[in-house]
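See below for the structure under consideration.
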Amino acid sequence: MKFFIDTANLKEIHQAAELGMVDGVTTNPSLMAREKGDWREIAASICREVKGPVNLEVISQDASGMITEAQDLIGFGPNVVVKIPMTMEGMKAVHTLRAMDIPTNVTLIFSPVQALIAAKAGANYVSPFVGRLDDVGHTGMDLVSQILSIYDNYGFETEVIVASIRSTSHVLESAMLGADIATIPFKVIRQLAGHPLTDKGLKSFLTDWDSMNKKK
Ligand code: G3P
């Protein structure tokens, strides 16, 4: 499973890249708005820092505005993927962008049939938001499982990016289901490394080593 980092923060991207955990990056307007500075400079820096796909989102609501924005966004680097919202206008834009060879990620997916039509329109990626479904009493990971079955049934090549990840369990379940990609906040990437028994074991190894050396 590929790991994308879900952030527009360059420091987080750099730190996660040092761990070998950055196969790509996803941003959205809310994540961009959290950062200080001009979003265009931030986007350009991310594209320089990361070799893999860098997802940048449009804010237009109509297909022609989305297509114009997409043409601008791909100027930031050869690795840009354009995030398009899951709307009828969005599907129109995805269909046109596919013909123009501009890669797209359809975002804000909350149902399996939304993922089906995004794939039919020609999306390269879809982003089901598991955490936000959990927040309203659904089981977000069920959606991922349904999308993977549908894509498998019909041989769609659209890749599934599990998004709105809130916990290490979301990452585990994504991997168990065979999702193509998990896009993970830096906080959760850090949590993936931790286990209380690792800490306990390490502490006792070091204590034993010290006591051996004191005996000499
Ligand atoms: O990639 C989409 C993701 O950023 C949404 O996450 O935590 O805002 O639901 P969240």
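Chain lettering (A, B, ...) mirrors the order of the structure tokens, residue numbering begins at 1 for each chain separately, and ligand numbering begins at 1 in order of display.
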Discussion item. Please list as a ChimeraX atom specification every residue within 9 Å of region 77-91 of chain A, counting only C-alpha atoms and excluding residues in the same chain fewer than 6 positions away.
Written reply: /A:26-28,44,47-48,50-59,61-64,66,69-70,102-109,114-115,117-118,121-125
Output of the above residues as a compact mmCIF listing (two decimals), in the first residue's frame, restricted to N, CA, C and O atoms:
# COMPACT_ATOMS: atom_id res chain seq x y z
N THR A 26 -1.54 14.66 -0.40
CA THR A 26 -2.86 15.20 -0.71
C THR A 26 -3.05 16.50 0.08
O THR A 26 -2.69 16.57 1.25
N THR A 27 -3.59 17.49 -0.62
CA THR A 27 -3.95 18.75 0.05
C THR A 27 -5.42 18.99 -0.25
O THR A 27 -6.02 18.31 -1.08
N ASN A 28 -5.99 19.94 0.46
CA ASN A 28 -7.33 20.43 0.11
C ASN A 28 -7.38 21.90 0.53
O ASN A 28 -6.43 22.39 1.19
N ALA A 44 4.10 24.98 -5.12
CA ALA A 44 5.32 24.78 -5.94
C ALA A 44 6.40 24.08 -5.11
O ALA A 44 7.09 23.18 -5.61
N CYS A 47 5.65 20.38 -4.73
CA CYS A 47 5.95 19.66 -5.98
C CYS A 47 7.44 19.45 -6.17
O CYS A 47 7.86 18.45 -6.77
N ARG A 48 8.26 20.39 -5.67
CA ARG A 48 9.72 20.21 -5.77
C ARG A 48 10.21 19.17 -4.78
O ARG A 48 11.09 18.37 -5.06
N VAL A 50 8.57 16.57 -3.41
CA VAL A 50 8.04 15.20 -3.52
C VAL A 50 8.06 14.74 -4.97
O VAL A 50 7.63 15.48 -5.86
N LYS A 51 8.56 13.50 -5.16
CA LYS A 51 8.59 12.97 -6.54
C LYS A 51 7.23 12.42 -6.96
O LYS A 51 6.84 12.51 -8.12
N GLY A 52 6.51 11.83 -6.00
CA GLY A 52 5.23 11.17 -6.31
C GLY A 52 4.11 12.18 -6.55
O GLY A 52 4.34 13.39 -6.51
N PRO A 53 2.89 11.66 -6.74
CA PRO A 53 1.76 12.54 -7.03
C PRO A 53 1.49 13.57 -5.94
O PRO A 53 1.52 13.24 -4.76
N VAL A 54 1.25 14.82 -6.35
CA VAL A 54 0.88 15.90 -5.43
C VAL A 54 -0.53 16.36 -5.82
O VAL A 54 -0.73 16.86 -6.93
N ASN A 55 -1.47 16.13 -4.91
CA ASN A 55 -2.88 16.43 -5.20
C ASN A 55 -3.23 17.84 -4.78
O ASN A 55 -3.12 18.19 -3.59
N LEU A 56 -3.66 18.64 -5.75
CA LEU A 56 -4.06 20.03 -5.51
C LEU A 56 -5.51 20.18 -5.95
O LEU A 56 -5.88 19.70 -7.03
N GLU A 57 -6.32 20.85 -5.12
CA GLU A 57 -7.77 20.86 -5.35
C GLU A 57 -8.26 22.14 -6.01
O GLU A 57 -7.81 23.24 -5.67
N VAL A 58 -9.24 21.98 -6.90
CA VAL A 58 -9.89 23.15 -7.51
C VAL A 58 -10.94 23.69 -6.55
O VAL A 58 -11.41 22.98 -5.67
N ILE A 59 -11.29 24.97 -6.75
CA ILE A 59 -12.37 25.53 -5.92
C ILE A 59 -13.58 25.96 -6.75
O ILE A 59 -14.63 26.26 -6.20
N GLN A 61 -16.93 25.68 -9.01
CA GLN A 61 -18.09 24.78 -8.90
C GLN A 61 -18.58 24.31 -10.27
O GLN A 61 -19.31 23.33 -10.36
N ASP A 62 -18.18 25.02 -11.32
CA ASP A 62 -18.64 24.64 -12.66
C ASP A 62 -17.50 23.97 -13.44
O ASP A 62 -16.31 24.24 -13.19
N ALA A 63 -17.89 23.09 -14.38
CA ALA A 63 -16.90 22.28 -15.09
C ALA A 63 -15.86 23.13 -15.81
O ALA A 63 -14.66 22.85 -15.74
N SER A 64 -16.32 24.20 -16.46
CA SER A 64 -15.33 24.95 -17.25
C SER A 64 -14.34 25.66 -16.33
O SER A 64 -13.14 25.73 -16.63
N MET A 66 -13.40 24.52 -13.41
CA MET A 66 -12.52 23.45 -12.90
C MET A 66 -11.43 23.12 -13.92
O MET A 66 -10.27 22.92 -13.57
N GLU A 69 -8.87 25.87 -13.99
CA GLU A 69 -7.99 25.76 -12.80
C GLU A 69 -7.03 24.59 -12.94
O GLU A 69 -5.85 24.68 -12.57
N ALA A 70 -7.53 23.47 -13.46
CA ALA A 70 -6.69 22.27 -13.61
C ALA A 70 -5.49 22.59 -14.52
O ALA A 70 -4.35 22.19 -14.23
N ILE A 102 -4.95 14.87 -18.25
CA ILE A 102 -4.66 15.51 -16.95
C ILE A 102 -5.24 14.62 -15.86
O ILE A 102 -6.46 14.36 -15.84
N PRO A 103 -4.39 14.09 -14.97
CA PRO A 103 -4.88 13.12 -13.98
C PRO A 103 -5.76 13.76 -12.90
O PRO A 103 -5.50 14.88 -12.47
N THR A 104 -6.79 13.03 -12.49
CA THR A 104 -7.74 13.57 -11.50
C THR A 104 -7.95 12.60 -10.33
O THR A 104 -7.80 11.38 -10.48
N ASN A 105 -8.32 13.20 -9.21
CA ASN A 105 -8.69 12.48 -7.99
C ASN A 105 -10.05 13.04 -7.58
O ASN A 105 -10.15 14.23 -7.28
N VAL A 106 -11.07 12.20 -7.62
CA VAL A 106 -12.41 12.69 -7.24
C VAL A 106 -12.55 12.59 -5.73
O VAL A 106 -12.41 11.51 -5.14
N THR A 107 -12.81 13.74 -5.12
CA THR A 107 -12.79 13.84 -3.66
C THR A 107 -14.20 13.99 -3.11
O THR A 107 -15.15 14.21 -3.86
N LEU A 108 -14.29 13.83 -1.77
CA LEU A 108 -15.59 13.91 -1.08
C LEU A 108 -16.52 12.79 -1.54
O LEU A 108 -17.70 13.01 -1.84
N ILE A 109 -15.97 11.57 -1.58
CA ILE A 109 -16.77 10.38 -1.93
C ILE A 109 -17.34 9.78 -0.64
O ILE A 109 -16.58 9.46 0.29
N GLN A 114 -21.13 6.71 -6.01
CA GLN A 114 -20.34 7.90 -6.39
C GLN A 114 -18.98 7.44 -6.94
O GLN A 114 -18.50 7.96 -7.94
N ALA A 115 -18.39 6.47 -6.28
CA ALA A 115 -17.08 5.96 -6.74
C ALA A 115 -17.21 5.27 -8.09
O ALA A 115 -16.30 5.35 -8.94
N ILE A 117 -19.42 6.03 -10.52
CA ILE A 117 -19.53 6.99 -11.63
C ILE A 117 -18.23 7.79 -11.82
O ILE A 117 -17.89 8.16 -12.93
N ALA A 118 -17.49 8.01 -10.73
CA ALA A 118 -16.20 8.70 -10.88
C ALA A 118 -15.26 7.88 -11.75
O ALA A 118 -14.56 8.41 -12.63
N ALA A 121 -16.38 8.05 -15.33
CA ALA A 121 -16.06 9.36 -15.94
C ALA A 121 -14.58 9.44 -16.33
O ALA A 121 -14.19 10.26 -17.15
N GLY A 122 -13.76 8.58 -15.71
CA GLY A 122 -12.34 8.54 -16.08
C GLY A 122 -11.38 9.02 -15.01
O GLY A 122 -10.22 9.35 -15.31
N ALA A 123 -11.84 9.03 -13.74
CA ALA A 123 -10.94 9.46 -12.65
C ALA A 123 -9.77 8.48 -12.49
O ALA A 123 -9.95 7.27 -12.58
N ASN A 124 -8.60 9.03 -12.23
CA ASN A 124 -7.43 8.18 -11.94
C ASN A 124 -7.47 7.68 -10.49
O ASN A 124 -6.97 6.61 -10.18
N TYR A 125 -8.03 8.50 -9.61
CA TYR A 125 -8.12 8.17 -8.18
C TYR A 125 -9.50 8.58 -7.66
O TYR A 125 -10.10 9.53 -8.18
Write out as CSV a residue-level contact list of chain A versus ligand 1 with cut-off 9 Å: for each qualifying residue the closest pair of atoms and the distance in Å to one decimal, counting only C-alpha atoms and all ligand atoms, rows sorted by chain and residue number upward.
residue,atom,partner,partner_atom_place_in_ligand_line,distance
A:Ile5,CA,ligand 1,1 (O),8.8
A:Asp6,CA,ligand 1,1 (O),5.7
A:Thr7,CA,ligand 1,4 (O),7.3
A:Thr26,CA,ligand 1,1 (O),5.9
A:Thr27,CA,ligand 1,1 (O),6.5
A:Asn28,CA,ligand 1,4 (O),6.4
A:Ser30,CA,ligand 1,8 (O),7.8
A:Leu31,CA,ligand 1,4 (O),7.1
A:Thr107,CA,ligand 1,2 (C),7.4
A:Leu108,CA,ligand 1,2 (C),7.5
A:Ser127,CA,ligand 1,1 (O),7.1
A:Pro128,CA,ligand 1,2 (C),8.3
A:Phe129,CA,ligand 1,5 (C),6.3
A:Val130,CA,ligand 1,9 (O),7.7
A:Gly131,CA,ligand 1,9 (O),5.7
A:Arg132,CA,ligand 1,9 (O),5.1
A:Leu133,CA,ligand 1,9 (O),8.8
A:Ile161,CA,ligand 1,1 (O),8.5
A:Val162,CA,ligand 1,1 (O),8.0
A:Ala163,CA,ligand 1,1 (O),4.6
A:Ser164,CA,ligand 1,6 (O),3.4
A:Ile165,CA,ligand 1,7 (O),6.3
A:Arg166,CA,ligand 1,7 (O),6.4
A:Thr183,CA,ligand 1,1 (O),6.5
A:Ile184,CA,ligand 1,1 (O),8.0
A:Pro185,CA,ligand 1,4 (O),7.9
Discussion item. Run DSSP on the backbone and tell me which residues of region 9-213 of chain A come out as helix (DSSP H, G or I); list them as a PyMOL selection string.
Written reply: chain A and resi 10-18+29-33+39-49+63-76+88-99+112-121+130-135+140-154+168-177+186-192+196-213
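Distances from A:Leu206, A:Val136, A:Ile147, A:Leu97 to Leu116 (chain A) were compared using only C-alpha atoms, and the smallest one belongs to A:Ile147.
Picture a line from CA of Lys187 (chain A) to CA of Val171 (chain A); it runs 12.5 Å.
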Item to complete: Pick out each residue of region 122-195 of chain A that DSSP on the backbone tags as strand (DSSP E or B); I need them as an MDAnalysis selection string.
Response: chainID A and resid 125:129 159:163 181:184
Any chance you can output those residues with N, CA, C and O atoms as a PDB file, in the first residue's frame?
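Saved as out06.pdb:
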ATOM      1  N   TYR A 125      -8.030   8.505  -9.612  1.00  0.00           N
ATOM      2  CA  TYR A 125      -8.121   8.172  -8.178  1.00  0.00           C
ATOM      3  C   TYR A 125      -9.497   8.580  -7.662  1.00  0.00           C
ATOM      4  O   TYR A 125     -10.099   9.528  -8.181  1.00  0.00           O
ATOM      5  N   VAL A 126      -9.945   7.884  -6.602  1.00  0.00           N
ATOM      6  CA  VAL A 126     -11.102   8.372  -5.830  1.00  0.00           C
ATOM      7  C   VAL A 126     -10.708   8.414  -4.356  1.00  0.00           C
ATOM      8  O   VAL A 126      -9.881   7.623  -3.900  1.00  0.00           O
ATOM      9  N   SER A 127     -11.327   9.359  -3.642  1.00  0.00           N
ATOM     10  CA  SER A 127     -11.017   9.522  -2.218  1.00  0.00           C
ATOM     11  C   SER A 127     -12.256   9.371  -1.350  1.00  0.00           C
ATOM     12  O   SER A 127     -13.001  10.342  -1.138  1.00  0.00           O
ATOM     13  N   PRO A 128     -12.520   8.146  -0.863  1.00  0.00           N
ATOM     14  CA  PRO A 128     -13.583   7.976   0.135  1.00  0.00           C
ATOM     15  C   PRO A 128     -13.121   8.510   1.490  1.00  0.00           C
ATOM     16  O   PRO A 128     -11.992   8.234   1.910  1.00  0.00           O
ATOM     17  N   PHE A 129     -13.993   9.277   2.160  1.00  0.00           N
ATOM     18  CA  PHE A 129     -13.647   9.940   3.433  1.00  0.00           C
ATOM     19  C   PHE A 129     -14.139   9.091   4.606  1.00  0.00           C
ATOM     20  O   PHE A 129     -15.281   9.260   5.062  1.00  0.00           O
ATOM     21  N   GLU A 159      -7.564   4.165  -8.843  1.00  0.00           N
ATOM     22  CA  GLU A 159      -6.988   3.759  -7.558  1.00  0.00           C
ATOM     23  C   GLU A 159      -7.766   4.377  -6.405  1.00  0.00           C
ATOM     24  O   GLU A 159      -8.243   5.507  -6.496  1.00  0.00           O
ATOM     25  N   VAL A 160      -7.869   3.604  -5.329  1.00  0.00           N
ATOM     26  CA  VAL A 160      -8.632   4.049  -4.161  1.00  0.00           C
ATOM     27  C   VAL A 160      -7.677   4.629  -3.117  1.00  0.00           C
ATOM     28  O   VAL A 160      -6.768   3.941  -2.628  1.00  0.00           O
ATOM     29  N   ILE A 161      -7.887   5.917  -2.827  1.00  0.00           N
ATOM     30  CA  ILE A 161      -7.115   6.605  -1.779  1.00  0.00           C
ATOM     31  C   ILE A 161      -8.009   6.701  -0.547  1.00  0.00           C
ATOM     32  O   ILE A 161      -8.987   7.453  -0.545  1.00  0.00           O
ATOM     33  N   VAL A 162      -7.695   5.954   0.489  1.00  0.00           N
ATOM     34  CA  VAL A 162      -8.488   6.075   1.726  1.00  0.00           C
ATOM     35  C   VAL A 162      -8.121   7.400   2.379  1.00  0.00           C
ATOM     36  O   VAL A 162      -6.953   7.648   2.690  1.00  0.00           O
ATOM     37  N   ALA A 163      -9.141   8.270   2.537  1.00  0.00           N
ATOM     38  CA  ALA A 163      -8.901   9.628   3.048  1.00  0.00           C
ATOM     39  C   ALA A 163      -9.706   9.859   4.321  1.00  0.00           C
ATOM     40  O   ALA A 163     -10.522   9.022   4.704  1.00  0.00           O
ATOM     41  N   ILE A 181      -3.967   3.082  -1.724  1.00  0.00           N
ATOM     42  CA  ILE A 181      -3.262   4.190  -1.057  1.00  0.00           C
ATOM     43  C   ILE A 181      -4.021   4.564   0.215  1.00  0.00           C
ATOM     44  O   ILE A 181      -5.258   4.521   0.237  1.00  0.00           O
ATOM     45  N   ALA A 182      -3.274   4.937   1.259  1.00  0.00           N
ATOM     46  CA  ALA A 182      -3.894   5.600   2.415  1.00  0.00           C
ATOM     47  C   ALA A 182      -3.258   6.970   2.500  1.00  0.00           C
ATOM     48  O   ALA A 182      -2.028   7.089   2.427  1.00  0.00           O
ATOM     49  N   THR A 183      -4.070   8.014   2.609  1.00  0.00           N
ATOM     50  CA  THR A 183      -3.491   9.343   2.809  1.00  0.00           C
ATOM     51  C   THR A 183      -3.643   9.703   4.277  1.00  0.00           C
ATOM     52  O   THR A 183      -4.750   9.722   4.822  1.00  0.00           O
ATOM     53  N   ILE A 184      -2.493   9.902   4.922  1.00  0.00           N
ATOM     54  CA  ILE A 184      -2.448   9.852   6.386  1.00  0.00           C
ATOM     55  C   ILE A 184      -1.926  11.178   6.939  1.00  0.00           C
ATOM     56  O   ILE A 184      -0.903  11.689   6.481  1.00  0.00           O
TER      57      ILE A 184
END
Residue neighbourhood Ser145 (chain A), 12 Å, only C-alpha atoms, exclusion window fewer than 2 positions, as a PDB file with N, CA and C atoms, in the first residue's frame:
ATOM      1  N   SER A 111     -20.313   7.503  -1.024  1.00  0.00           N
ATOM      2  CA  SER A 111     -21.120   6.315  -1.341  1.00  0.00           C
ATOM      3  C   SER A 111     -20.429   5.523  -2.450  1.00  0.00           C
ATOM      4  N   PRO A 112     -20.704   4.199  -2.493  1.00  0.00           N
ATOM      5  CA  PRO A 112     -20.042   3.370  -3.516  1.00  0.00           C
ATOM      6  C   PRO A 112     -20.458   3.736  -4.938  1.00  0.00           C
ATOM      7  N   ALA A 115     -18.387   6.466  -6.281  1.00  0.00           N
ATOM      8  CA  ALA A 115     -17.078   5.959  -6.738  1.00  0.00           C
ATOM      9  C   ALA A 115     -17.207   5.268  -8.094  1.00  0.00           C
ATOM     10  N   PRO A 128     -12.520   8.146  -0.863  1.00  0.00           N
ATOM     11  CA  PRO A 128     -13.583   7.976   0.135  1.00  0.00           C
ATOM     12  C   PRO A 128     -13.121   8.510   1.490  1.00  0.00           C
ATOM     13  N   VAL A 130     -13.309   8.226   5.109  1.00  0.00           N
ATOM     14  CA  VAL A 130     -13.776   7.264   6.122  1.00  0.00           C
ATOM     15  C   VAL A 130     -14.064   7.913   7.484  1.00  0.00           C
ATOM     16  N   THR A 139     -19.904   3.231   9.182  1.00  0.00           N
ATOM     17  CA  THR A 139     -18.580   2.621   9.285  1.00  0.00           C
ATOM     18  C   THR A 139     -17.853   2.928   7.978  1.00  0.00           C
ATOM     19  N   GLY A 140     -16.976   3.922   8.043  1.00  0.00           N
ATOM     20  CA  GLY A 140     -16.306   4.400   6.836  1.00  0.00           C
ATOM     21  C   GLY A 140     -15.606   3.310   6.055  1.00  0.00           C
ATOM     22  N   MET A 141     -15.009   2.360   6.760  1.00  0.00           N
ATOM     23  CA  MET A 141     -14.228   1.344   6.051  1.00  0.00           C
ATOM     24  C   MET A 141     -15.121   0.414   5.213  1.00  0.00           C
ATOM     25  N   ASP A 142     -16.424   0.307   5.564  1.00  0.00           N
ATOM     26  CA  ASP A 142     -17.342  -0.497   4.727  1.00  0.00           C
ATOM     27  C   ASP A 142     -17.405   0.079   3.315  1.00  0.00           C
ATOM     28  N   LEU A 143     -17.355   1.407   3.240  1.00  0.00           N
ATOM     29  CA  LEU A 143     -17.383   2.070   1.930  1.00  0.00           C
ATOM     30  C   LEU A 143     -16.155   1.672   1.104  1.00  0.00           C
ATOM     31  N   ILE A 147     -16.214  -0.219  -2.544  1.00  0.00           N
ATOM     32  CA  ILE A 147     -15.587   0.366  -3.760  1.00  0.00           C
ATOM     33  C   ILE A 147     -14.581  -0.620  -4.354  1.00  0.00           C
ATOM     34  N   LEU A 148     -13.775  -1.235  -3.486  1.00  0.00           N
ATOM     35  CA  LEU A 148     -12.762  -2.180  -3.990  1.00  0.00           C
ATOM     36  C   LEU A 148     -13.436  -3.354  -4.705  1.00  0.00           C
ATOM     37  N   SER A 149     -14.573  -3.834  -4.164  1.00  0.00           N
ATOM     38  CA  SER A 149     -15.288  -4.951  -4.820  1.00  0.00           C
ATOM     39  C   SER A 149     -15.807  -4.530  -6.184  1.00  0.00           C
ATOM     40  N   ILE A 150     -16.404  -3.335  -6.226  1.00  0.00           N
ATOM     41  CA  ILE A 150     -16.969  -2.855  -7.514  1.00  0.00           C
ATOM     42  C   ILE A 150     -15.860  -2.722  -8.559  1.00  0.00           C
ATOM     43  N   TYR A 151     -14.739  -2.108  -8.162  1.00  0.00           N
ATOM     44  CA  TYR A 151     -13.648  -1.900  -9.124  1.00  0.00           C
ATOM     45  C   TYR A 151     -13.072  -3.244  -9.577  1.00  0.00           C
ATOM     46  N   ASP A 152     -13.019  -4.195  -8.638  1.00  0.00           N
ATOM     47  CA  ASP A 152     -12.510  -5.524  -8.972  1.00  0.00           C
ATOM     48  C   ASP A 152     -13.473  -6.239  -9.927  1.00  0.00           C
ATOM     49  N   VAL A 160      -7.869   3.604  -5.329  1.00  0.00           N
ATOM     50  CA  VAL A 160      -8.632   4.049  -4.161  1.00  0.00           C
ATOM     51  C   VAL A 160      -7.677   4.629  -3.117  1.00  0.00           C
ATOM     52  N   VAL A 162      -7.695   5.954   0.489  1.00  0.00           N
ATOM     53  CA  VAL A 162      -8.488   6.075   1.726  1.00  0.00           C
ATOM     54  C   VAL A 162      -8.121   7.400   2.379  1.00  0.00           C
ATOM     55  N   GLU A 173      -6.829  -1.291   8.610  1.00  0.00           N
ATOM     56  CA  GLU A 173      -7.959  -1.825   7.837  1.00  0.00           C
ATOM     57  C   GLU A 173      -7.796  -1.540   6.341  1.00  0.00           C
ATOM     58  N   SER A 174      -7.224  -0.402   6.009  1.00  0.00           N
ATOM     59  CA  SER A 174      -6.975  -0.086   4.589  1.00  0.00           C
ATOM     60  C   SER A 174      -6.044  -1.131   3.984  1.00  0.00           C
ATOM     61  N   ALA A 175      -4.992  -1.468   4.735  1.00  0.00           N
ATOM     62  CA  ALA A 175      -4.016  -2.444   4.238  1.00  0.00           C
ATOM     63  C   ALA A 175      -4.633  -3.840   4.156  1.00  0.00           C
ATOM     64  N   MET A 176      -5.444  -4.201   5.158  1.00  0.00           N
ATOM     65  CA  MET A 176      -6.081  -5.525   5.153  1.00  0.00           C
ATOM     66  C   MET A 176      -7.049  -5.677   3.964  1.00  0.00           C
ATOM     67  N   LEU A 177      -7.700  -4.571   3.606  1.00  0.00           N
ATOM     68  CA  LEU A 177      -8.658  -4.612   2.485  1.00  0.00           C
ATOM     69  C   LEU A 177      -7.963  -4.530   1.131  1.00  0.00           C
ATOM     70  N   GLY A 178      -6.683  -4.152   1.137  1.00  0.00           N
ATOM     71  CA  GLY A 178      -5.958  -4.035  -0.129  1.00  0.00           C
ATOM     72  C   GLY A 178      -6.200  -2.710  -0.835  1.00  0.00           C
ATOM     73  N   ALA A 179      -6.509  -1.654  -0.090  1.00  0.00           N
ATOM     74  CA  ALA A 179      -6.650  -0.323  -0.713  1.00  0.00           C
ATOM     75  C   ALA A 179      -5.325   0.046  -1.369  1.00  0.00           C
ATOM     76  N   ASP A 180      -5.396   0.803  -2.458  1.00  0.00           N
ATOM     77  CA  ASP A 180      -4.161   1.159  -3.174  1.00  0.00           C
ATOM     78  C   ASP A 180      -3.303   2.114  -2.356  1.00  0.00           C
TER      79      ASP A 180
END
